[in-house]
$ cat protein.cif   # mmCIF, C-alpha atoms and all ligand atoms
data_run
#
loop_
_atom_site.label_atom_id
_atom_site.label_comp_id
_atom_site.auth_asym_id
_atom_site.auth_seq_id
_atom_site.Cartn_x
_atom_site.Cartn_y
_atom_site.Cartn_z
CA MET A 254 -43.08 13.61 -11.89
CA ARG A 255 -40.54 11.42 -10.20
CA LYS A 256 -41.73 8.40 -12.25
CA ILE A 257 -41.34 10.21 -15.53
CA THR A 258 -37.88 11.42 -14.57
CA THR A 259 -36.76 7.94 -13.58
CA ALA A 260 -38.18 6.34 -16.73
CA THR A 261 -36.61 8.99 -18.93
CA MET A 262 -33.27 8.51 -17.25
CA THR A 263 -33.46 4.75 -17.63
CA VAL A 264 -34.13 5.00 -21.36
CA ALA A 265 -31.38 7.59 -21.72
CA ALA A 266 -28.94 5.42 -19.80
CA ALA A 267 -29.80 2.33 -21.86
CA THR A 268 -29.38 4.31 -25.07
CA MET A 269 -25.98 5.51 -23.95
CA LEU A 270 -24.92 1.96 -23.18
CA VAL A 271 -26.03 0.74 -26.62
CA LEU A 272 -24.29 3.65 -28.32
CA SER A 273 -21.07 3.01 -26.44
CA GLY A 274 -21.21 -0.70 -27.30
CA CYS A 275 -21.17 -1.55 -23.62
CA SER A 276 -23.41 -4.09 -21.94
CA GLY A 277 -23.26 -2.21 -18.67
CA ARG A 278 -22.43 -3.94 -15.39
CA GLY A 279 -20.74 -7.30 -15.61
CA GLU A 280 -17.94 -8.85 -17.58
CA ALA A 281 -15.37 -6.67 -19.26
CA THR A 282 -17.09 -5.86 -22.50
CA GLN A 283 -15.65 -2.37 -22.11
CA SER A 284 -14.80 -0.58 -25.29
CA ALA A 285 -11.18 -0.39 -24.11
CA ALA A 286 -11.06 -4.20 -23.94
CA ALA A 287 -11.01 -4.31 -27.75
CA GLY A 288 -7.74 -2.38 -27.77
CA PHE A 289 -6.99 1.29 -28.27
CA ASP A 290 -4.56 3.67 -29.93
CA LYS A 291 -1.18 4.49 -28.47
CA GLY A 292 -2.08 8.19 -28.22
CA SER A 293 -4.97 7.44 -25.83
CA THR A 294 -5.30 9.03 -22.40
CA ILE A 295 -4.30 6.83 -19.46
CA GLY A 296 -5.28 8.19 -16.05
CA VAL A 297 -3.26 7.59 -12.88
CA VAL A 298 -4.71 8.63 -9.53
CA LEU A 299 -2.33 8.53 -6.57
CA PRO A 300 -2.84 9.34 -2.87
CA THR A 301 -1.06 12.09 -0.96
CA LYS A 302 2.71 11.97 -0.93
CA THR A 303 3.03 10.33 2.50
CA SER A 304 5.86 8.03 1.49
CA GLU A 305 8.73 8.20 -1.00
CA ASN A 306 7.25 5.33 -3.03
CA TRP A 307 4.20 7.40 -4.03
CA VAL A 308 6.37 10.28 -5.21
CA LEU A 309 8.57 7.91 -7.21
CA ALA A 310 5.50 6.18 -8.69
CA GLY A 311 4.14 9.50 -10.00
CA ASP A 312 7.44 10.35 -11.73
CA LEU A 313 7.80 6.87 -13.18
CA PHE A 314 4.21 6.81 -14.50
CA THR A 315 4.61 10.23 -16.13
CA ASN A 316 7.85 9.23 -17.87
CA SER A 317 6.94 5.65 -18.78
CA LEU A 318 3.51 6.52 -20.21
CA ARG A 319 5.08 9.28 -22.29
CA ASP A 320 7.90 7.00 -23.49
CA ALA A 321 5.36 4.31 -24.44
CA GLY A 322 3.46 6.86 -26.55
CA PHE A 323 0.39 7.33 -24.32
CA LYS A 324 -1.07 10.57 -23.05
CA GLY A 325 -0.55 10.19 -19.29
CA ASP A 326 -2.73 12.11 -16.86
CA VAL A 327 -1.10 11.63 -13.43
CA GLN A 328 -2.85 13.21 -10.44
CA TYR A 329 -2.28 13.30 -6.69
CA ALA A 330 -4.91 13.95 -4.04
CA GLY A 331 -4.33 16.99 -1.88
CA ALA A 332 -3.74 16.54 1.83
CA SER A 333 -6.94 18.02 3.24
CA SER A 334 -9.71 16.79 0.93
CA SER A 335 -8.07 13.68 -0.44
CA VAL A 336 -11.13 11.44 -0.96
CA ALA A 337 -13.14 14.18 -2.71
CA ASP A 338 -10.08 15.01 -4.84
CA GLN A 339 -9.75 11.42 -6.02
CA GLN A 340 -13.48 11.18 -6.73
CA SER A 341 -13.40 14.26 -8.95
CA GLN A 342 -10.11 13.27 -10.61
CA ILE A 343 -11.57 9.90 -11.65
CA SER A 344 -14.79 11.54 -12.91
CA SER A 345 -12.81 14.01 -14.98
CA MET A 346 -10.66 11.21 -16.47
CA VAL A 347 -13.87 9.41 -17.48
CA THR A 348 -15.07 12.59 -19.16
CA LYS A 349 -11.75 12.84 -21.02
CA GLY A 350 -12.30 9.28 -22.30
CA ALA A 351 -9.35 7.68 -20.48
CA LYS A 352 -8.96 4.10 -21.71
CA VAL A 353 -7.37 2.87 -18.49
CA ILE A 354 -7.56 4.42 -15.02
CA ILE A 355 -4.95 3.23 -12.51
CA ILE A 356 -5.94 4.04 -8.94
CA GLY A 357 -3.92 4.10 -5.71
CA ALA A 358 -6.82 4.91 -3.39
CA VAL A 359 -6.61 7.09 -0.30
CA ASP A 360 -9.72 5.38 1.03
CA ALA A 361 -10.28 2.06 -0.68
CA GLY A 362 -13.99 1.97 0.10
CA GLN A 363 -14.99 5.47 -1.03
CA LEU A 364 -14.62 5.23 -4.80
CA THR A 365 -17.41 2.77 -5.62
CA SER A 366 -19.60 5.07 -7.71
CA GLN A 367 -16.70 6.70 -9.58
CA VAL A 368 -15.22 3.27 -10.37
CA LYS A 369 -18.64 2.10 -11.60
CA ALA A 370 -18.98 5.17 -13.82
CA ALA A 371 -15.50 4.55 -15.23
CA HIS A 372 -16.20 0.88 -15.87
CA ASP A 373 -19.59 1.60 -17.44
CA ALA A 374 -18.04 4.24 -19.70
CA GLY A 375 -15.64 1.65 -21.06
CA SER A 376 -12.46 2.48 -19.12
CA VAL A 377 -10.50 -0.41 -17.66
CA VAL A 378 -9.98 0.15 -13.92
CA ILE A 379 -6.78 -1.12 -12.31
CA SER A 380 -6.31 -0.83 -8.56
CA TYR A 381 -2.68 0.00 -7.85
CA ASP A 382 -0.97 -1.24 -4.66
CA ARG A 383 -4.07 -0.67 -2.48
CA LEU A 384 -7.00 -2.98 -3.31
CA ILE A 385 -10.24 -1.10 -4.02
CA VAL A 386 -12.79 -2.89 -1.86
CA ASN A 387 -16.52 -3.63 -2.18
CA SER A 388 -16.69 -2.72 -5.86
CA PRO A 389 -17.67 -5.17 -8.62
CA ASP A 390 -16.24 -2.76 -11.19
CA VAL A 391 -12.52 -3.11 -10.50
CA ASP A 392 -11.08 -4.94 -13.51
CA TYR A 393 -7.56 -5.75 -12.25
CA HIS A 394 -5.39 -5.33 -9.17
CA ILE A 395 -1.62 -4.92 -9.58
CA GLY A 396 0.47 -4.57 -6.45
CA PHE A 397 2.82 -6.24 -4.01
CA ASP A 398 1.43 -9.02 -1.84
CA SER A 399 0.43 -6.99 1.23
CA PHE A 400 -0.44 -9.96 3.47
CA ARG A 401 3.03 -11.35 2.73
CA VAL A 402 4.55 -7.95 3.64
CA GLY A 403 2.91 -8.30 7.07
CA GLU A 404 4.14 -11.87 7.54
CA LEU A 405 7.69 -10.77 6.72
CA GLN A 406 7.42 -7.87 9.19
CA GLY A 407 6.20 -10.24 11.93
CA GLN A 408 8.98 -12.74 11.24
CA SER A 409 11.67 -10.08 11.22
CA LEU A 410 10.44 -8.67 14.54
CA LEU A 411 10.90 -12.13 16.09
CA GLU A 412 14.29 -12.67 14.45
CA GLY A 413 15.49 -9.23 15.51
CA LEU A 414 14.47 -9.87 19.12
CA GLU A 415 16.29 -13.21 19.24
CA GLU A 416 19.35 -11.67 17.63
CA ARG A 417 19.58 -8.55 19.82
CA PHE A 418 18.62 -10.22 23.10
CA PRO A 419 20.10 -13.75 23.00
CA ASP A 420 19.71 -14.11 26.78
CA LYS A 421 16.03 -13.23 26.96
CA LYS A 422 13.21 -15.73 26.57
CA THR A 423 10.36 -13.22 26.67
CA TYR A 424 10.14 -9.76 25.13
CA ASN A 425 8.15 -6.57 25.72
CA VAL A 426 6.69 -5.25 22.49
CA GLU A 427 4.22 -2.73 21.08
CA LEU A 428 2.26 -2.95 17.83
CA PHE A 429 1.50 -0.22 15.29
CA SER A 430 -0.68 -0.44 12.19
CA GLY A 431 -1.31 1.92 9.26
CA SER A 432 -4.23 4.15 8.34
CA PRO A 433 -7.66 2.53 8.84
CA ASP A 434 -8.96 3.84 5.48
CA ASP A 435 -6.16 2.10 3.54
CA SER A 436 -7.19 -1.47 2.70
CA SER A 437 -3.54 -2.55 2.75
CA ALA A 438 -3.15 -1.56 6.41
CA ALA A 439 -5.35 -4.46 7.53
CA ALA A 440 -3.54 -6.87 5.20
CA PHE A 441 -0.16 -5.84 6.68
CA PHE A 442 -1.42 -6.14 10.25
CA ASN A 443 -3.23 -9.44 9.71
CA GLY A 444 -0.16 -10.90 7.99
CA ALA A 445 2.04 -9.83 10.91
CA MET A 446 -0.42 -11.13 13.51
CA LYS A 447 -0.53 -14.52 11.82
CA VAL A 448 3.10 -14.81 12.93
CA LEU A 449 2.96 -12.84 16.20
CA LYS A 450 -0.37 -13.92 17.74
CA PRO A 451 0.82 -17.46 18.63
CA LYS A 452 3.87 -15.89 20.30
CA ILE A 453 1.66 -13.47 22.25
CA ASP A 454 -0.60 -16.36 23.27
CA ASP A 455 2.30 -18.53 24.50
CA GLY A 456 3.83 -15.61 26.46
CA THR A 457 6.99 -15.15 24.35
CA LEU A 458 5.79 -11.66 23.44
CA LYS A 459 4.17 -9.35 25.95
CA VAL A 460 2.25 -6.35 24.57
CA VAL A 461 2.75 -4.34 27.75
CA SER A 462 0.11 -1.71 26.91
CA GLY A 463 -2.41 -4.46 26.20
CA GLN A 464 -3.22 -2.74 22.88
CA SER A 465 -3.16 -5.46 20.26
CA GLU A 466 -6.36 -4.86 18.29
CA ILE A 467 -5.99 -3.17 14.92
CA LYS A 468 -8.21 -0.26 16.02
CA GLN A 469 -6.01 0.41 19.05
CA THR A 470 -2.82 0.33 17.03
CA ALA A 471 -3.92 2.45 14.04
CA THR A 472 -2.01 5.45 12.68
CA PRO A 473 -4.59 7.72 11.01
CA GLY A 474 -3.43 9.07 7.64
CA TRP A 475 -0.18 7.08 7.98
CA LEU A 476 1.10 10.30 9.58
CA PRO A 477 4.35 9.94 11.52
CA GLN A 478 3.26 12.59 14.03
CA ASN A 479 0.28 10.41 14.99
CA ALA A 480 2.59 7.45 15.59
CA GLN A 481 5.02 9.58 17.57
CA ILE A 482 2.25 10.88 19.85
CA ARG A 483 0.99 7.34 20.45
CA MET A 484 4.52 6.06 21.21
CA ASP A 485 5.17 9.02 23.56
CA THR A 486 1.93 8.20 25.40
CA LEU A 487 2.73 4.48 25.65
CA LEU A 488 6.23 5.16 26.95
CA ALA A 489 5.02 7.66 29.54
CA GLY A 490 2.17 5.45 30.67
CA THR A 491 3.64 1.96 30.69
CA TYR A 492 7.41 1.95 30.35
CA GLY A 493 8.62 4.01 33.34
CA SER A 494 10.87 1.24 34.62
CA THR A 495 10.16 -1.39 31.99
CA ASP A 496 12.29 -2.11 28.90
CA LEU A 497 10.72 -1.91 25.46
CA ASP A 498 12.36 -4.59 23.32
CA GLY A 499 10.56 -4.41 19.99
CA VAL A 500 7.96 -2.53 17.96
CA LEU A 501 6.00 -3.75 14.95
CA SER A 502 5.92 -0.75 12.62
CA PRO A 503 4.00 -0.98 9.33
CA ASN A 504 6.29 1.35 7.35
CA ASP A 505 9.45 3.41 7.43
CA THR A 506 8.02 6.87 8.15
CA ILE A 507 6.27 5.42 11.21
CA ALA A 508 9.39 3.44 12.20
CA ARG A 509 11.46 6.63 12.29
CA ALA A 510 8.79 8.43 14.33
CA ILE A 511 8.84 5.56 16.84
CA ILE A 512 12.63 5.68 17.08
CA THR A 513 12.53 9.47 17.59
CA SER A 514 10.00 9.02 20.39
CA VAL A 515 12.02 6.30 22.14
CA LYS A 516 15.23 8.33 21.93
CA GLY A 517 13.38 11.37 23.26
CA ALA A 518 12.34 9.30 26.28
CA GLY A 519 16.00 8.40 26.87
CA LYS A 520 15.47 4.69 26.17
CA THR A 521 17.52 2.23 24.10
CA VAL A 522 16.26 1.87 20.54
CA PRO A 523 14.21 -1.35 20.31
CA VAL A 524 13.95 -3.72 17.34
CA VAL A 525 11.73 -1.78 14.91
CA THR A 526 10.39 -3.10 11.60
CA GLY A 527 9.42 -0.99 8.58
CA GLN A 528 8.49 -0.97 4.92
CA ASP A 529 9.31 0.93 1.70
CA SER A 530 13.12 1.12 1.80
CA GLU A 531 13.09 4.88 2.26
CA VAL A 532 16.48 6.58 2.07
CA GLU A 533 16.56 7.68 5.73
CA SER A 534 15.51 4.23 6.93
CA VAL A 535 18.08 2.42 4.81
CA LYS A 536 20.71 4.72 6.36
CA SER A 537 19.29 3.93 9.81
CA ILE A 538 19.42 0.17 9.16
CA VAL A 539 23.01 0.37 7.96
CA ALA A 540 23.82 2.41 11.12
CA GLY A 541 22.25 -0.34 13.30
CA GLN A 542 19.18 1.62 14.46
CA GLN A 543 15.97 0.57 12.59
CA TYR A 544 16.09 -3.23 12.33
CA SER A 545 14.34 -4.02 9.04
CA THR A 546 12.41 -2.69 6.10
CA ILE A 547 10.65 -4.20 3.09
CA ASN A 548 11.80 -3.71 -0.47
CA LYS A 549 8.80 -3.21 -2.77
CA ASP A 550 10.61 -1.94 -5.83
CA THR A 551 8.34 0.78 -7.22
CA ARG A 552 10.13 0.56 -10.57
CA LEU A 553 8.94 -3.06 -10.95
CA LEU A 554 5.40 -2.20 -9.87
CA VAL A 555 5.03 0.70 -12.30
CA LYS A 556 6.57 -1.45 -15.05
CA ALA A 557 3.96 -4.18 -14.39
CA ASN A 558 1.21 -1.56 -14.71
CA ILE A 559 2.64 -0.15 -17.95
CA GLU A 560 2.86 -3.67 -19.37
CA ALA A 561 -0.81 -4.15 -18.45
CA VAL A 562 -1.72 -0.93 -20.28
CA GLU A 563 0.24 -2.06 -23.33
CA ALA A 564 -1.47 -5.47 -23.31
CA LEU A 565 -4.88 -3.77 -23.10
CA ALA A 566 -3.97 -1.38 -25.92
CA GLY A 567 -3.23 -4.43 -28.06
CA GLY A 568 -6.60 -5.96 -27.19
CA GLN A 569 -5.00 -8.56 -24.85
CA LYS A 570 -5.73 -9.35 -21.22
CA PRO A 571 -2.97 -8.23 -18.83
CA LYS A 572 -0.83 -10.89 -17.16
CA THR A 573 -2.25 -12.02 -13.78
CA ASN A 574 -1.06 -14.65 -11.32
CA THR A 575 -3.92 -14.84 -8.80
CA GLU A 576 -7.31 -13.45 -7.77
CA ILE A 577 -8.15 -11.35 -4.70
CA ASP A 578 -11.62 -11.15 -3.18
CA ASN A 579 -12.43 -7.47 -2.68
CA GLY A 580 -15.76 -8.14 -0.97
CA ALA A 581 -17.75 -7.79 -4.21
CA LYS A 582 -15.83 -9.91 -6.71
CA LYS A 583 -12.71 -11.96 -7.22
CA VAL A 584 -10.43 -9.42 -8.87
CA PRO A 585 -7.84 -10.86 -11.30
CA ALA A 586 -4.52 -9.77 -9.80
CA ASP A 587 -0.83 -9.59 -10.51
CA LEU A 588 0.88 -9.78 -7.10
CA LEU A 589 4.59 -9.05 -6.89
CA THR A 590 6.82 -10.52 -4.19
CA PRO A 591 8.11 -8.24 -1.40
CA LEU A 592 11.56 -8.75 0.11
CA ILE A 593 12.62 -8.27 3.73
CA VAL A 594 15.82 -6.26 4.18
CA THR A 595 18.03 -6.04 7.28
CA LYS A 596 21.65 -4.93 7.68
CA LYS A 597 22.66 -8.48 6.73
CA ASN A 598 21.25 -8.53 3.18
CA ALA A 599 21.10 -4.78 2.37
CA VAL A 600 24.04 -4.87 -0.06
CA GLU A 601 22.55 -7.59 -2.25
CA ALA A 602 18.94 -6.39 -1.84
CA TYR A 603 19.73 -2.95 -3.24
CA ALA A 604 22.51 -3.95 -5.66
CA ASN A 605 20.44 -2.80 -8.68
CA ASP A 606 19.07 0.36 -7.10
CA PRO A 607 21.13 3.39 -8.09
CA VAL A 608 19.84 5.48 -5.15
CA LEU A 609 20.02 2.88 -2.35
CA ALA A 610 23.06 0.81 -3.37
CA PRO A 611 25.58 3.58 -2.50
CA LEU A 612 24.06 3.84 1.00
CA THR A 613 24.99 0.24 1.76
CA LYS A 614 28.71 0.59 0.92
C1 LIG A 701 1.66 1.29 0.91
C2 LIG A 701 2.89 1.40 1.76
C3 LIG A 701 3.04 2.81 2.30
C4 LIG A 701 1.74 3.30 2.91
C5 LIG A 701 1.78 4.74 3.32
C6 LIG A 701 0.49 1.76 1.71
O1 LIG A 701 -0.69 1.59 1.04
O2 LIG A 701 1.49 -0.05 0.49
O3 LIG A 701 4.01 1.04 0.98
O4 LIG A 701 4.01 2.82 3.28
O5 LIG A 701 0.69 3.13 2.01
O6 LIG A 701 2.04 5.58 2.26
#

$ encode --input "protein.cif" --output "structure tokens"
Amino acid sequence: MRKITTATMTVAAATMLVLSGCSGRGEATQSAAAGFDKGSTIGVVLPTKTSENWVLAGDLFTNSLRDAGFKGDVQYAGASSSVADQQSQISSMVTKGAKVIIIGAVDAGQLTSQVKAAHDAGSVVISYDRLIVNSPDVDYHIGFDSFRVGELQGQSLLEGLEERFPDKKTYNVELFSGSPDDSSAAAFFNGAMKVLKPKIDDGTLKVVSGQSEIKQTATPGWLPQNAQIRMDTLLAGTYGSTDLDGVLSPNDTIARAIITSVKGAGKTVPVVTGQDSEVESVKSIVAGQQYSTINKDTRLLVKANIEAVEALAGGQKPKTNTEIDNGAKKVPADLLTPLIVTKKNAVEAYANDPVLAPLTK
């Protein structure tokens, strides 16, 4: 019985592939690769709204796809069942015949079969901002260079420490990383550690808690409350009579949670890094509290994705400038350049941003 079922399915699957003009797994012979009409459905799957950039991305995708004449289908995962939500959203976009599916994954390793189904059905799959790992079916990756983000965070932690404590030669620091299911979290942390590890090894930086492995520093779900609890615990356990000089924070929501924790413990605010240029963090930087953030202009990132969709609609390959190994293939990628922002360069960094520029005046 099982044999018959399997054989029947194999024939059925092969027939479907022939009918759809698709050679199955392998190079992009997807039907969408030959171009498609402007009115086609373009799916966008985004994670929960943990940071301002995801909220902005959703609005920009909705408006830009509509303005470009496409039928945009923009979906967010819910907070409690986010992986299952994304899996069913992608499956439903495949059923609707989406020509391109742009995915910002909650968990970069949990979408393999949905991405395969999309690819096999002829949709082009673009991983957005967070690289989808261990899947041979991702066609393109378009995002900011996450390893570079980490390097910039590491460098700015060192610069901030030298600037704020010109008389010190060694500094007490703690390290935080993002959510373990987000592939970018490791890229940020590894980029930062490329800069910080030699300084930990030569004694310039002392991680007083001793927690410097990515697992020990993780912030599940990127949730600020998880970071705040960890910082509270570290302060209570290790910093009774010891100064905390700096904290590597992977993004702005976590940076602000760390600052809240330190203030709550009655300590001086240390040098804290960040990422995303969120409104409250830009205000904090201008006020001399949070030390730095990263500008990853979401408008540029969404624009790059829309340009890729337009190229594909015209039967062209999207613009790429590198390849990233996702564990299963070298994914053609368009990596945009992140910018570090401190109080010193905030005015020029946000000069073209109508929301952030006024905050720097
Ligand atoms: C993004 C960051 C963001 C984080 C939490 C990451 O994948 O690259 O910009 O801070 O998710 O939302």

$ residues_around --input "protein.cif" --residues "stretch 419-423 of chain A" --least-positions-apart "2" --cutoff "9 Å" --atoms "all atoms listed in the file" --output "number ranges by chain"
A: 414-417, 425, 456-459

$ residues_near_ligand --input "protein.cif" --ligand "ligand LIG 701 (chain A)" --cutoff "10 Å" --atoms "all atoms listed in the file" --output "PyMOL selection string"
chain A and resi 300-308+357-361+381-384+396-399+402+431-432+434-438+440-441+474-476+503-507+527-531+547-551

$ residues_near_point --input "protein.cif" --point "(5.1, 12.5, -14.9)" --cutoff "12 Å" --atoms "only C-alpha atoms" --output "ChimeraX atom specification"
/A:295-299,308-320,323-329

$ residues_around --input "protein.cif" --residues "A:Glu601" --least-positions-apart "5" --cutoff "10 Å" --atoms "only C-alpha atoms" --output "list in words"
Val594, Asp606, Ala610 and Thr613 of chain A

$ atom_distance --input "protein.cif" --atom1 "atom CA of A:Leu589" --atom2 "atom CA of A:Pro433"
23.1 Å

$ residues_around --input "protein.cif" --residues "A:Val461" --least-positions-apart "3" --cutoff "8 Å" --atoms "only C-alpha atoms" --output "PyMOL selection string"
chain A and resi 425-427+464+491

$ write_last_selection --input "protein.cif" --atoms "C-alpha atoms" --output "tab-separated table (two decimals), in the coordinates of the input"
chain	number	residue	atom	x	y	z
A	425	ASN	CA	8.15	-6.57	25.72
A	426	VAL	CA	6.69	-5.25	22.49
A	427	GLU	CA	4.22	-2.73	21.08
A	464	GLN	CA	-3.22	-2.74	22.88
A	491	THR	CA	3.64	1.96	30.69

$ atom_distance --input "protein.cif" --atom1 "atom CA of A:Gln569" --atom2 "atom CA of A:Gln367"
24.6 Å

$ closest_residue --input "protein.cif" --among "A:Gly519, A:Gly541, A:Gly375, A:Gly407" --to "A:Thr348" --atoms "only C-alpha atoms"
A:Gly375

$ atom_distance --input "protein.cif" --atom1 "atom CA of A:Ser376" --atom2 "atom CA of A:Glu560"
16.5 Å

$ closest_atom_pairs --input "protein.cif" --of "stretch 531-557 of chain A" --to "stretch 595-599 of chain A" --cutoff "6 Å" --atoms "all atoms listed in the file" --output "CSV"
residue,atom,partner,partner_atom,distance
A:Ile538,CA,A:Lys596,CA,5.8
A:Val539,CA,A:Lys596,CA,5.5
A:Ser545,CA,A:Thr595,CA,4.6

$ closest_residue --input "protein.cif" --among "A:Gln339, A:Leu410, A:Phe442, A:Gly580" --to "A:Pro523" --atoms "only C-alpha atoms"
A:Leu410

$ residues_around --input "protein.cif" --residues "A:Lys582" --least-positions-apart "3" --cutoff "12 Å" --atoms "all atoms listed in the file" --output "list of chain:residue names"
A:Gly279, A:Glu280, A:Leu384, A:Ile385, A:Val386, A:Asn387, A:Ser388, A:Pro389, A:Asp390, A:Val391, A:Asp392, A:Tyr393, A:His394, A:Glu576, A:Ile577, A:Asp578, A:Asn579, A:Pro585, A:Ala586

$ closest_residue --input "protein.cif" --among "A:Glu412, A:Asp373, A:Glu466, A:Glu404" --to "A:Gly444" --atoms "all atoms listed in the file"
A:Glu404

$ build_atoms --input "protein.cif" --residues "stretch 290-302 of chain A" --atoms "N, CA, C and O atoms" --output "JSON list (two decimals), in the frame of the given file"
[["chain", "number", "residue", "atom", "x", "y", "z"],
["A", 290, "ASP", "N", -5.75, 3.06, -29.31],
["A", 290, "ASP", "CA", -4.56, 3.67, -29.93],
["A", 290, "ASP", "C", -3.52, 4.06, -28.90],
["A", 290, "ASP", "O", -3.85, 4.39, -27.77],
["A", 291, "LYS", "N", -2.29, 4.10, -29.35],
["A", 291, "LYS", "CA", -1.18, 4.49, -28.47],
["A", 291, "LYS", "C", -1.36, 5.91, -27.92],
["A", 291, "LYS", "O", -0.98, 6.19, -26.80],
["A", 292, "GLY", "N", -1.96, 6.80, -28.69],
["A", 292, "GLY", "CA", -2.08, 8.19, -28.22],
["A", 292, "GLY", "C", -3.16, 8.39, -27.16],
["A", 292, "GLY", "O", -3.36, 9.51, -26.69],
["A", 293, "SER", "N", -3.83, 7.31, -26.75],
["A", 293, "SER", "CA", -4.97, 7.44, -25.83],
["A", 293, "SER", "C", -4.55, 7.97, -24.46],
["A", 293, "SER", "O", -3.41, 7.81, -24.02],
["A", 294, "THR", "N", -5.53, 8.54, -23.77],
["A", 294, "THR", "CA", -5.30, 9.03, -22.40],
["A", 294, "THR", "C", -5.34, 7.86, -21.42],
["A", 294, "THR", "O", -6.24, 7.04, -21.46],
["A", 295, "ILE", "N", -4.35, 7.83, -20.55],
["A", 295, "ILE", "CA", -4.30, 6.83, -19.46],
["A", 295, "ILE", "C", -4.25, 7.63, -18.16],
["A", 295, "ILE", "O", -3.33, 8.44, -17.96],
["A", 296, "GLY", "N", -5.23, 7.45, -17.29],
["A", 296, "GLY", "CA", -5.28, 8.19, -16.05],
["A", 296, "GLY", "C", -4.58, 7.44, -14.91],
["A", 296, "GLY", "O", -4.66, 6.22, -14.84],
["A", 297, "VAL", "N", -3.88, 8.18, -14.07],
["A", 297, "VAL", "CA", -3.26, 7.59, -12.88],
["A", 297, "VAL", "C", -3.61, 8.47, -11.69],
["A", 297, "VAL", "O", -3.34, 9.67, -11.69],
["A", 298, "VAL", "N", -4.25, 7.88, -10.69],
["A", 298, "VAL", "CA", -4.71, 8.63, -9.53],
["A", 298, "VAL", "C", -3.95, 8.11, -8.31],
["A", 298, "VAL", "O", -4.07, 6.94, -7.96],
["A", 299, "LEU", "N", -3.15, 8.98, -7.69],
["A", 299, "LEU", "CA", -2.33, 8.53, -6.57],
["A", 299, "LEU", "C", -2.72, 9.28, -5.29],
["A", 299, "LEU", "O", -3.21, 10.41, -5.36],
["A", 300, "PRO", "N", -2.47, 8.66, -4.13],
["A", 300, "PRO", "CA", -2.84, 9.34, -2.87],
["A", 300, "PRO", "C", -1.83, 10.44, -2.52],
["A", 300, "PRO", "O", -0.93, 10.73, -3.29],
["A", 301, "THR", "N", -1.99, 11.03, -1.39],
["A", 301, "THR", "CA", -1.06, 12.09, -0.96],
["A", 301, "THR", "C", 0.36, 11.52, -0.84],
["A", 301, "THR", "O", 0.54, 10.32, -0.71],
["A", 302, "LYS", "N", 1.32, 12.42, -0.85],
["A", 302, "LYS", "CA", 2.71, 11.97, -0.93],
["A", 302, "LYS", "C", 3.27, 11.61, 0.45],
["A", 302, "LYS", "O", 4.27, 12.17, 0.88]]
